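**Student:** Just passing along the structure, written as structure tokens.
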Number of protein chains: 2
Amino acid sequence: MPSINIVLTGFGNVGKAFFRLIADKKVFCRNRYGLDLHLKAVFRSKEAYFSGRRSDLTEITEIMATGTADHPDWTTKLSLDEVLTELKSGVLVECTPTNIETGEPGLSHIGQALGRNWHIAAASKGALVLKFKELMARANMNGVQIKFSAATAAALPTVDVGVLSLAGTEILGIEGILTGVTNLILTRMEEGITFQDALKEAQAKGIAEPNPSLDVDGWDTACKILLISNAVAGTDFSLSDIARNGIRGVTVDDIQKARDEGKVLKLLGRLVRDGEKDKADVKLTAINRDHPLFHVMGSNKAITFFTDTMGAVTVSGGKSDPRGTAAALLKDIVNIYRHSEE
Amino acid sequence: MPSINIVLTGFGNVGKAFFRLIADKKVFCRNRYGLDLHLKAVFRSKEAYFSGRRSDLTEITEIMATGTADHPDWTTKLSLDEVLTELKSGVLVECTPTNIETGEPGLSHIGQALGRNWHIAAASKGALVLKFKELMARANMNGVQIKFSAATAAALPTVDVGVLSLAGTEILGIEGILTGVTNLILTRMEEGITFQDALKEAQAKGIAEPNPSLDVDGWDTACKILLISNAVAGTDFSLSDIARNGIRGVTVDDIQKARDEGKVLKLLGRLVRDGEKDKADVKLTAINRDHPLFHVMGSNKAITFFTDTMGAVTVSGGKSDPRGTAAALLKDIVNIYRHSEE
């Protein structure tokens, strides 16, 4: 049974959920996929945990019990590159916060991992949004894979449906409700409350960030449609190519006006392929009852692929929480190793 | 660029649509996937067409123009086994009519193909429904793949979403609207007409078969949930394990009664995993507005997977016509060869 080394960078909500999930799913992955997953090291901002050759499962349980800060195996003396080199091969799980201006620190982590021929499963978006083509080409040359389900709507399958389930079709267009928070706010506004109140409510529940700009100004949706489109439809978009609406200016009147026409307002990430030039945008759109995304409410996400030979295929649902994102990382790991075994 | 031999058995609506699709998609598959697809032979009930070493694209165009019966290359002298042996390797595309009692003639075709180490993409259900475990084990032993997207709701992705997009999750249950005709009839009944009238209408449009039993008595849904469940959840169901409702006895009153409770009646193929024993059935079910399949109307199909770590994921849509089924066969071919190349 192949033993798979995993190194985790980033120990926020998603990193912690992944840390726990890998422990929970160890036996399942062994029995179901014949994969022996070993989380060997965790890096967070100023320190690292490295289990070396000892049984990681016991240690994970210990760390979850005592808290990382107090655990004697956390150190400030290890570098990511040293650990990747010592372990020789495996998959880097990148969970640091997304920075769409510099891509850091994810970009450096991914660069180092590619330099050591490691596979990558990314939850952070910055590095891939900024350097998609370059990073994919480098991975391809090195014979390793970069997967990013966790960065492209996580528990909602998007990229693998587009690439695998729709193989052989031409993608004529994509429309997605890709950010749970914005859809939740629009749904609450449907129910009659203002944008500001809906936002405050989402912040109080911990669903929206204290600085909500990444979500409500459409950046999160822009990053996702960029990555999905580049991966599925072979486009080469940069963030600056994507015209972007947010939902900040939406009023209860706008919502009511759409409703009077039998429509709902949705923030869609779109790939539009009419004519010569591909176009991607984030667009507040009034859609009618016939549209496959009409009934997607609350913090649910969904994506519709329009194809030449299979018609329109829509995927919806998927848990919107750190464990769902961790599950998307685990899926990518399983598929990286399953494919290369076949 | 790898040259892929394709042999097609069955030349009804789906076989013909596949025949045409392969010609239409030849250049696309070469450019996009680096796969050079060659449809080398077609078998129908009493005769075979075999292109040997000549350019098949020209011949396909010729045959589509002149009609197969008049084409001089059709012969009664070739056997499937001879052709598979001469071509050495490739993929058998099985499109003969489904027979759920004997599995024939698909079962013999698949048996011969496995005997010669050919991959299989099946649209017919009989052989797989009757001998799933045995055929998959034999394929596995021979290092070839059996794919059957076209037999499991075709252009609606089901098996590959369950296996690949939900990898690493435990499948807690499955519910699907898997037969377009029965959902269309129920939708028309929602609109107030009787079962008999809705059936006649669907038959007049060519959507329902003259003998509609396979669909309206739930056999088609039973076959699909059996294959999906066995492939995705590792069950080992036979057709006799699956309790089966049809929609023949449904009255306009039943529909109205459900509506009065805010529900709709749907024919669901289900995998139920509560407690020790897995159970699959085809069950006429009144579902409420919160159910992910509530809004699936007309001849649309959809499937919901309930998972432990990703929540509920629903796929809906996909063209319900012979070309959509042909596209599912092409998808399987692309994925068979793409994976083995990686």
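Note on naming: chains are A, B, ... as they come in the structure tokens, residues start from 1 per chain, ligands start from 1 in the order shown.
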Using only C-alpha atoms, I'd like every residue of chain A that has an atom within 8 Å of chain B; please write them out as a ChimeraX atom specification.

**Tutor:** /A:25,29,155-157,160-161,164-169,295,309-319,323-324,327-328,330-332,334-335,339-340,342

**Student:** Please superimpose chain B on chain A using every C-alpha atom, paired by order, in a least-squares fit, and write the moved chain as a tab-separated table (two decimals) with C-alpha atoms, in the first residue's frame.

**Tutor:**
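Final output, saved to result_39.tsv:
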chain	number	residue	atom	x	y	z
B	1	MET	CA	0.02	0.01	0.02
B	2	PRO	CA	1.54	3.34	-1.01
B	3	SER	CA	2.39	5.62	1.92
B	4	ILE	CA	1.53	9.23	1.09
B	5	ASN	CA	3.32	12.10	2.83
B	6	ILE	CA	1.24	15.20	3.44
B	7	VAL	CA	2.60	18.58	4.48
B	8	LEU	CA	0.10	21.25	5.51
B	9	THR	CA	0.80	24.98	5.28
B	10	GLY	CA	-1.65	27.28	7.07
B	11	PHE	CA	-3.39	26.48	10.32
B	12	GLY	CA	-6.50	28.67	10.32
B	13	ASN	CA	-10.05	27.31	10.22
B	14	VAL	CA	-9.54	25.29	7.04
B	15	GLY	CA	-6.08	24.01	8.04
B	16	LYS	CA	-7.39	22.86	11.39
B	17	ALA	CA	-10.43	21.19	9.82
B	18	PHE	CA	-8.11	19.36	7.39
B	19	PHE	CA	-5.83	18.33	10.27
B	20	ARG	CA	-8.77	16.74	12.03
B	21	LEU	CA	-10.31	15.22	8.88
B	22	ILE	CA	-7.12	13.40	7.97
B	23	ALA	CA	-7.12	11.76	11.39
B	24	ASP	CA	-10.82	10.87	11.10
B	25	LYS	CA	-10.45	9.43	7.58
B	26	LYS	CA	-7.20	7.52	7.95
B	27	VAL	CA	-8.71	4.05	8.22
B	28	PHE	CA	-11.40	4.79	5.60
B	29	CYS	CA	-8.80	5.86	3.02
B	30	ARG	CA	-6.73	2.79	3.72
B	31	ASN	CA	-9.68	0.42	3.32
B	32	ARG	CA	-11.40	2.16	0.46
B	33	TYR	CA	-8.55	3.46	-1.71
B	34	GLY	CA	-5.54	1.51	-0.49
B	35	LEU	CA	-3.88	4.82	0.39
B	36	ASP	CA	-1.96	5.25	3.62
B	37	LEU	CA	-2.10	8.99	4.33
B	38	HIS	CA	0.49	10.48	6.69
B	39	LEU	CA	0.25	14.09	7.77
B	40	LYS	CA	3.92	14.61	8.49
B	41	ALA	CA	4.27	18.32	9.04
B	42	VAL	CA	2.22	21.43	9.68
B	43	PHE	CA	3.48	24.97	9.13
B	44	ARG	CA	1.83	28.04	10.56
B	45	SER	CA	3.02	31.63	10.48
B	46	LYS	CA	5.98	31.44	12.83
B	47	GLU	CA	6.43	27.81	13.68
B	48	ALA	CA	6.30	24.29	12.34
B	49	TYR	CA	5.34	20.90	13.59
B	50	PHE	CA	7.13	17.91	12.14
B	51	SER	CA	6.38	14.39	13.14
B	52	GLY	CA	9.41	12.81	11.49
B	53	ARG	CA	9.12	9.07	11.47
B	54	ARG	CA	6.83	8.54	14.42
B	55	SER	CA	3.19	7.57	14.15
B	56	ASP	CA	1.40	10.76	13.24
B	57	LEU	CA	-2.06	9.58	14.23
B	58	THR	CA	-1.19	9.44	17.93
B	59	GLU	CA	0.45	12.84	17.71
B	60	ILE	CA	-2.49	14.41	15.96
B	61	THR	CA	-4.76	13.19	18.71
B	62	GLU	CA	-2.35	14.58	21.29
B	63	ILE	CA	-2.12	17.93	19.55
B	64	MET	CA	-5.87	18.20	19.16
B	65	ALA	CA	-6.11	17.52	22.91
B	66	THR	CA	-3.35	19.83	24.20
B	67	GLY	CA	-3.49	22.65	21.63
B	68	THR	CA	-0.62	23.21	19.23
B	69	ALA	CA	1.02	26.04	21.13
B	70	ASP	CA	1.83	23.87	24.13
B	71	HIS	CA	2.96	20.84	22.19
B	72	PRO	CA	6.70	20.17	22.54
B	73	ASP	CA	7.08	19.10	18.90
B	74	TRP	CA	6.33	22.54	17.52
B	75	THR	CA	9.51	24.33	16.59
B	76	THR	CA	10.67	27.56	14.99
B	77	LYS	CA	13.74	25.90	13.53
B	78	LEU	CA	12.40	23.99	10.50
B	79	SER	CA	11.94	25.41	7.02
B	80	LEU	CA	9.34	24.11	4.55
B	81	ASP	CA	12.05	23.34	2.02
B	82	GLU	CA	14.01	21.22	4.51
B	83	VAL	CA	10.93	19.18	5.33
B	84	LEU	CA	9.95	18.69	1.67
B	85	THR	CA	13.49	17.61	0.87
B	86	GLU	CA	13.75	15.18	3.78
B	87	LEU	CA	10.40	13.54	3.02
B	88	LYS	CA	11.26	13.29	-0.72
B	89	SER	CA	7.73	13.13	-2.14
B	90	GLY	CA	4.10	13.75	-1.31
B	91	VAL	CA	1.44	16.39	-1.50
B	92	LEU	CA	1.53	19.95	-0.17
B	93	VAL	CA	-1.83	21.09	1.20
B	94	GLU	CA	-1.87	24.90	0.93
B	95	CYS	CA	-4.31	26.54	3.36
B	96	THR	CA	-2.82	29.97	4.07
B	97	PRO	CA	-5.06	33.05	3.71
B	98	THR	CA	-5.78	34.15	0.13
B	99	ASN	CA	-3.92	37.27	-0.99
B	100	ILE	CA	-4.92	38.26	-4.52
B	101	GLU	CA	-2.32	41.04	-4.77
B	102	THR	CA	0.90	39.13	-4.04
B	103	GLY	CA	-0.30	35.51	-3.88
B	104	GLU	CA	1.81	35.13	-0.75
B	105	PRO	CA	2.61	33.19	1.27
B	106	GLY	CA	0.94	30.48	-0.87
B	107	LEU	CA	2.96	31.35	-3.96
B	108	SER	CA	6.28	30.69	-2.22
B	109	HIS	CA	4.99	27.47	-0.70
B	110	ILE	CA	3.73	26.19	-4.05
B	111	GLY	CA	6.96	27.27	-5.74
B	112	GLN	CA	9.04	25.34	-3.22
B	113	ALA	CA	6.81	22.28	-3.51
B	114	LEU	CA	7.07	22.28	-7.32
B	115	GLY	CA	10.83	22.68	-6.95
B	116	ARG	CA	10.89	19.41	-5.00
B	117	ASN	CA	8.42	17.62	-7.30
B	118	TRP	CA	5.58	17.52	-4.80
B	119	HIS	CA	1.93	17.42	-5.81
B	120	ILE	CA	-0.25	20.29	-4.60
B	121	ALA	CA	-3.80	20.54	-3.25
B	122	ALA	CA	-4.66	24.20	-2.69
B	123	ALA	CA	-7.42	25.87	-0.69
B	124	SER	CA	-5.82	29.32	-1.06
B	125	LYS	CA	-6.59	31.11	-4.32
B	126	GLY	CA	-4.00	33.89	-4.64
B	127	ALA	CA	-1.07	32.05	-6.20
B	128	LEU	CA	-3.22	30.24	-8.76
B	129	VAL	CA	-5.25	33.31	-9.66
B	130	LEU	CA	-2.06	35.30	-10.30
B	131	LYS	CA	0.08	32.62	-11.99
B	132	PHE	CA	-2.29	29.94	-13.24
B	133	LYS	CA	-0.69	29.10	-16.58
B	134	GLU	CA	2.86	29.30	-15.30
B	135	LEU	CA	2.25	27.05	-12.28
B	136	MET	CA	0.25	24.48	-14.26
B	137	ALA	CA	2.96	24.35	-16.93
B	138	ARG	CA	5.65	23.87	-14.30
B	139	ALA	CA	3.65	21.09	-12.61
B	140	ASN	CA	3.08	19.41	-15.96
B	141	MET	CA	6.79	19.56	-16.82
B	142	ASN	CA	7.67	18.01	-13.44
B	143	GLY	CA	5.05	15.25	-13.80
B	144	VAL	CA	3.10	16.38	-10.73
B	145	GLN	CA	-0.44	17.65	-10.33
B	146	ILE	CA	-1.91	20.85	-8.93
B	147	LYS	CA	-5.50	20.43	-7.76
B	148	PHE	CA	-7.64	23.23	-6.38
B	149	SER	CA	-11.15	21.97	-5.71
B	150	ALA	CA	-11.01	23.64	-2.29
B	151	ALA	CA	-10.35	27.00	-3.99
B	152	THR	CA	-13.16	26.60	-6.52
B	153	ALA	CA	-16.30	26.29	-4.37
B	154	ALA	CA	-14.90	23.44	-2.23
B	155	ALA	CA	-17.57	20.82	-1.43
B	156	LEU	CA	-19.50	21.88	-4.53
B	157	PRO	CA	-17.82	19.97	-7.37
B	158	THR	CA	-16.91	22.35	-10.19
B	159	VAL	CA	-13.57	21.74	-11.93
B	160	ASP	CA	-13.69	17.96	-11.89
B	161	VAL	CA	-17.23	17.92	-13.28
B	162	GLY	CA	-16.17	20.29	-16.07
B	163	VAL	CA	-13.01	18.38	-16.91
B	164	LEU	CA	-14.06	14.76	-16.36
B	165	SER	CA	-17.87	14.49	-16.39
B	166	LEU	CA	-18.16	16.72	-19.45
B	167	ALA	CA	-15.11	15.39	-21.31
B	168	GLY	CA	-15.64	15.38	-25.05
B	169	THR	CA	-18.05	18.32	-24.99
B	170	GLU	CA	-17.32	21.90	-25.90
B	171	ILE	CA	-18.05	24.25	-23.02
B	172	LEU	CA	-20.22	26.98	-24.56
B	173	GLY	CA	-20.56	28.95	-21.33
B	174	ILE	CA	-20.53	28.73	-17.54
B	175	GLU	CA	-22.71	30.46	-14.96
B	176	GLY	CA	-22.25	29.97	-11.24
B	177	ILE	CA	-23.44	31.15	-7.87
B	178	LEU	CA	-20.02	30.65	-6.39
B	179	THR	CA	-19.99	32.64	-3.15
B	180	GLY	CA	-22.29	31.44	-0.37
B	181	VAL	CA	-22.29	34.69	1.61
B	182	THR	CA	-23.46	36.91	-1.23
B	183	ASN	CA	-26.24	34.49	-2.12
B	184	LEU	CA	-27.31	34.36	1.52
B	185	ILE	CA	-27.44	38.18	1.69
B	186	LEU	CA	-29.49	38.36	-1.53
B	187	THR	CA	-31.86	35.68	-0.21
B	188	ARG	CA	-32.36	37.60	3.05
B	189	MET	CA	-33.04	40.74	1.01
B	190	GLU	CA	-35.67	38.74	-0.92
B	191	GLU	CA	-37.25	38.28	2.48
B	192	GLY	CA	-37.39	42.05	2.92
B	193	ILE	CA	-34.39	43.22	4.92
B	194	THR	CA	-31.73	45.71	3.73
B	195	PHE	CA	-28.24	44.91	2.49
B	196	GLN	CA	-26.65	46.40	5.62
B	197	ASP	CA	-28.83	44.37	7.97
B	198	ALA	CA	-28.35	41.16	5.99
B	199	LEU	CA	-24.57	41.71	6.02
B	200	LYS	CA	-24.52	42.39	9.79
B	201	GLU	CA	-26.53	39.23	10.34
B	202	ALA	CA	-24.10	37.15	8.28
B	203	GLN	CA	-21.17	38.68	10.17
B	204	ALA	CA	-22.79	37.95	13.52
B	205	LYS	CA	-23.16	34.30	12.46
B	206	GLY	CA	-19.48	34.19	11.46
B	207	ILE	CA	-20.41	33.49	7.82
B	208	ALA	CA	-19.20	36.86	6.50
B	209	GLU	CA	-15.72	38.18	7.29
B	210	PRO	CA	-15.31	41.35	9.42
B	211	ASN	CA	-13.92	42.89	6.22
B	212	PRO	CA	-16.46	41.55	3.74
B	213	SER	CA	-15.01	43.15	0.61
B	214	LEU	CA	-13.57	39.93	-0.87
B	215	ASP	CA	-17.10	38.51	-0.91
B	216	VAL	CA	-19.57	41.38	-1.36
B	217	ASP	CA	-17.49	43.21	-3.98
B	218	GLY	CA	-17.34	40.08	-6.11
B	219	TRP	CA	-13.62	39.30	-5.78
B	220	ASP	CA	-14.23	35.80	-4.41
B	221	THR	CA	-16.57	34.96	-7.29
B	222	ALA	CA	-14.11	36.50	-9.77
B	223	CYS	CA	-11.26	34.31	-8.46
B	224	LYS	CA	-13.41	31.20	-8.71
B	225	ILE	CA	-14.77	31.78	-12.22
B	226	LEU	CA	-11.23	32.61	-13.35
B	227	LEU	CA	-9.84	29.32	-12.01
B	228	ILE	CA	-12.80	27.23	-13.19
B	229	SER	CA	-12.78	28.75	-16.65
B	230	ASN	CA	-9.02	28.46	-17.10
B	231	ALA	CA	-9.10	24.84	-15.92
B	232	VAL	CA	-12.24	23.66	-17.72
B	233	ALA	CA	-12.43	25.79	-20.86
B	234	GLY	CA	-8.73	26.39	-21.48
B	235	THR	CA	-9.02	30.19	-21.23
B	236	ASP	CA	-6.16	32.33	-19.94
B	237	PHE	CA	-7.87	35.02	-17.86
B	238	SER	CA	-6.18	37.37	-15.42
B	239	LEU	CA	-8.16	39.01	-12.65
B	240	SER	CA	-7.98	42.32	-14.53
B	241	ASP	CA	-9.83	40.73	-17.50
B	242	ILE	CA	-12.90	40.10	-15.38
B	243	ALA	CA	-15.51	42.88	-15.25
B	244	ARG	CA	-16.90	42.80	-11.76
B	245	ASN	CA	-20.19	43.78	-10.06
B	246	GLY	CA	-20.66	43.40	-6.34
B	247	ILE	CA	-23.87	43.39	-4.33
B	248	ARG	CA	-23.09	46.43	-2.14
B	249	GLY	CA	-25.34	48.78	-4.12
B	250	VAL	CA	-28.34	46.47	-4.30
B	251	THR	CA	-31.51	47.88	-2.76
B	252	VAL	CA	-34.71	46.24	-1.60
B	253	ASP	CA	-36.34	48.10	-4.52
B	254	ASP	CA	-34.05	46.37	-7.02
B	255	ILE	CA	-35.05	43.03	-5.55
B	256	GLN	CA	-38.73	43.96	-5.69
B	257	LYS	CA	-38.46	45.15	-9.28
B	258	ALA	CA	-36.95	41.81	-10.34
B	259	ARG	CA	-39.65	39.95	-8.45
B	260	ASP	CA	-42.37	41.93	-10.21
B	261	GLU	CA	-40.96	40.52	-13.45
B	262	GLY	CA	-40.96	36.97	-12.01
B	263	LYS	CA	-37.18	37.04	-11.56
B	264	VAL	CA	-34.58	36.85	-8.80
B	265	LEU	CA	-31.30	38.78	-8.55
B	266	LYS	CA	-28.23	36.58	-8.38
B	267	LEU	CA	-24.53	37.37	-8.36
B	268	LEU	CA	-23.23	35.17	-11.18
B	269	GLY	CA	-19.68	34.31	-12.11
B	270	ARG	CA	-19.86	33.80	-15.87
B	271	LEU	CA	-17.84	32.60	-18.80
B	272	VAL	CA	-19.45	33.97	-21.96
B	273	ARG	CA	-18.27	32.54	-25.26
B	274	ASP	CA	-20.22	34.17	-28.01
B	275	GLY	CA	-18.30	35.03	-31.09
B	276	GLU	CA	-14.54	35.16	-31.30
B	277	LYS	CA	-13.50	36.31	-27.88
B	278	ASP	CA	-14.07	34.61	-24.52
B	279	LYS	CA	-15.26	36.92	-21.77
B	280	ALA	CA	-15.57	36.31	-18.03
B	281	ASP	CA	-17.38	38.54	-15.59
B	282	VAL	CA	-19.07	38.76	-12.23
B	283	LYS	CA	-22.47	40.13	-12.91
B	284	LEU	CA	-25.53	40.86	-10.82
B	285	THR	CA	-28.19	39.27	-13.00
B	286	ALA	CA	-31.98	39.01	-12.87
B	287	ILE	CA	-32.72	35.41	-13.83
B	288	ASN	CA	-36.12	33.92	-14.51
B	289	ARG	CA	-37.82	30.74	-13.36
B	290	ASP	CA	-36.51	28.67	-16.28
B	291	HIS	CA	-32.90	29.33	-15.35
B	292	PRO	CA	-31.24	26.32	-13.67
B	293	LEU	CA	-29.94	28.58	-10.85
B	294	PHE	CA	-33.32	30.20	-10.06
B	295	HIS	CA	-34.01	28.04	-7.01
B	296	VAL	CA	-30.54	28.25	-5.42
B	297	MET	CA	-31.21	30.00	-2.13
B	298	GLY	CA	-29.45	30.86	1.12
B	299	SER	CA	-25.76	30.08	1.38
B	300	ASN	CA	-26.06	27.36	-1.24
B	301	LYS	CA	-23.80	27.44	-4.28
B	302	ALA	CA	-24.32	26.00	-7.75
B	303	ILE	CA	-22.80	26.00	-11.21
B	304	THR	CA	-24.24	25.41	-14.68
B	305	PHE	CA	-22.12	24.30	-17.61
B	306	PHE	CA	-23.61	24.87	-21.05
B	307	THR	CA	-22.29	22.32	-23.53
B	308	ASP	CA	-22.72	21.46	-27.20
B	309	THR	CA	-23.64	17.78	-26.95
B	310	MET	CA	-24.82	17.25	-23.37
B	311	GLY	CA	-27.00	20.34	-22.96
B	312	ALA	CA	-26.91	22.23	-19.66
B	313	VAL	CA	-25.60	20.38	-16.61
B	314	THR	CA	-26.00	21.93	-13.15
B	315	VAL	CA	-24.31	20.95	-9.90
B	316	SER	CA	-25.63	22.37	-6.64
B	317	GLY	CA	-25.15	21.98	-2.90
B	318	GLY	CA	-22.10	20.95	-0.96
B	319	LYS	CA	-21.44	21.94	2.65
B	320	SER	CA	-20.19	25.52	3.07
B	321	ASP	CA	-17.99	25.10	6.13
B	322	PRO	CA	-14.32	24.42	6.91
B	323	ARG	CA	-14.94	20.68	7.07
B	324	GLY	CA	-16.49	20.77	3.58
B	325	THR	CA	-13.41	22.61	2.32
B	326	ALA	CA	-11.17	20.08	4.06
B	327	ALA	CA	-13.16	17.31	2.35
B	328	ALA	CA	-12.44	18.95	-1.03
B	329	LEU	CA	-8.71	18.85	-0.22
B	330	LEU	CA	-8.97	15.17	0.71
B	331	LYS	CA	-10.83	14.45	-2.53
B	332	ASP	CA	-8.01	16.02	-4.53
B	333	ILE	CA	-5.41	13.96	-2.68
B	334	VAL	CA	-7.32	10.72	-3.31
B	335	ASN	CA	-7.71	11.56	-7.01
B	336	ILE	CA	-4.06	12.57	-7.45
B	337	TYR	CA	-2.87	9.22	-6.18
B	338	ARG	CA	-5.67	7.12	-7.62
B	339	HIS	CA	-5.03	8.37	-11.15
B	340	SER	CA	-1.31	7.93	-10.97
B	341	GLU	CA	-1.85	4.36	-9.79
B	342	GLU	CA	-4.21	3.40	-12.59
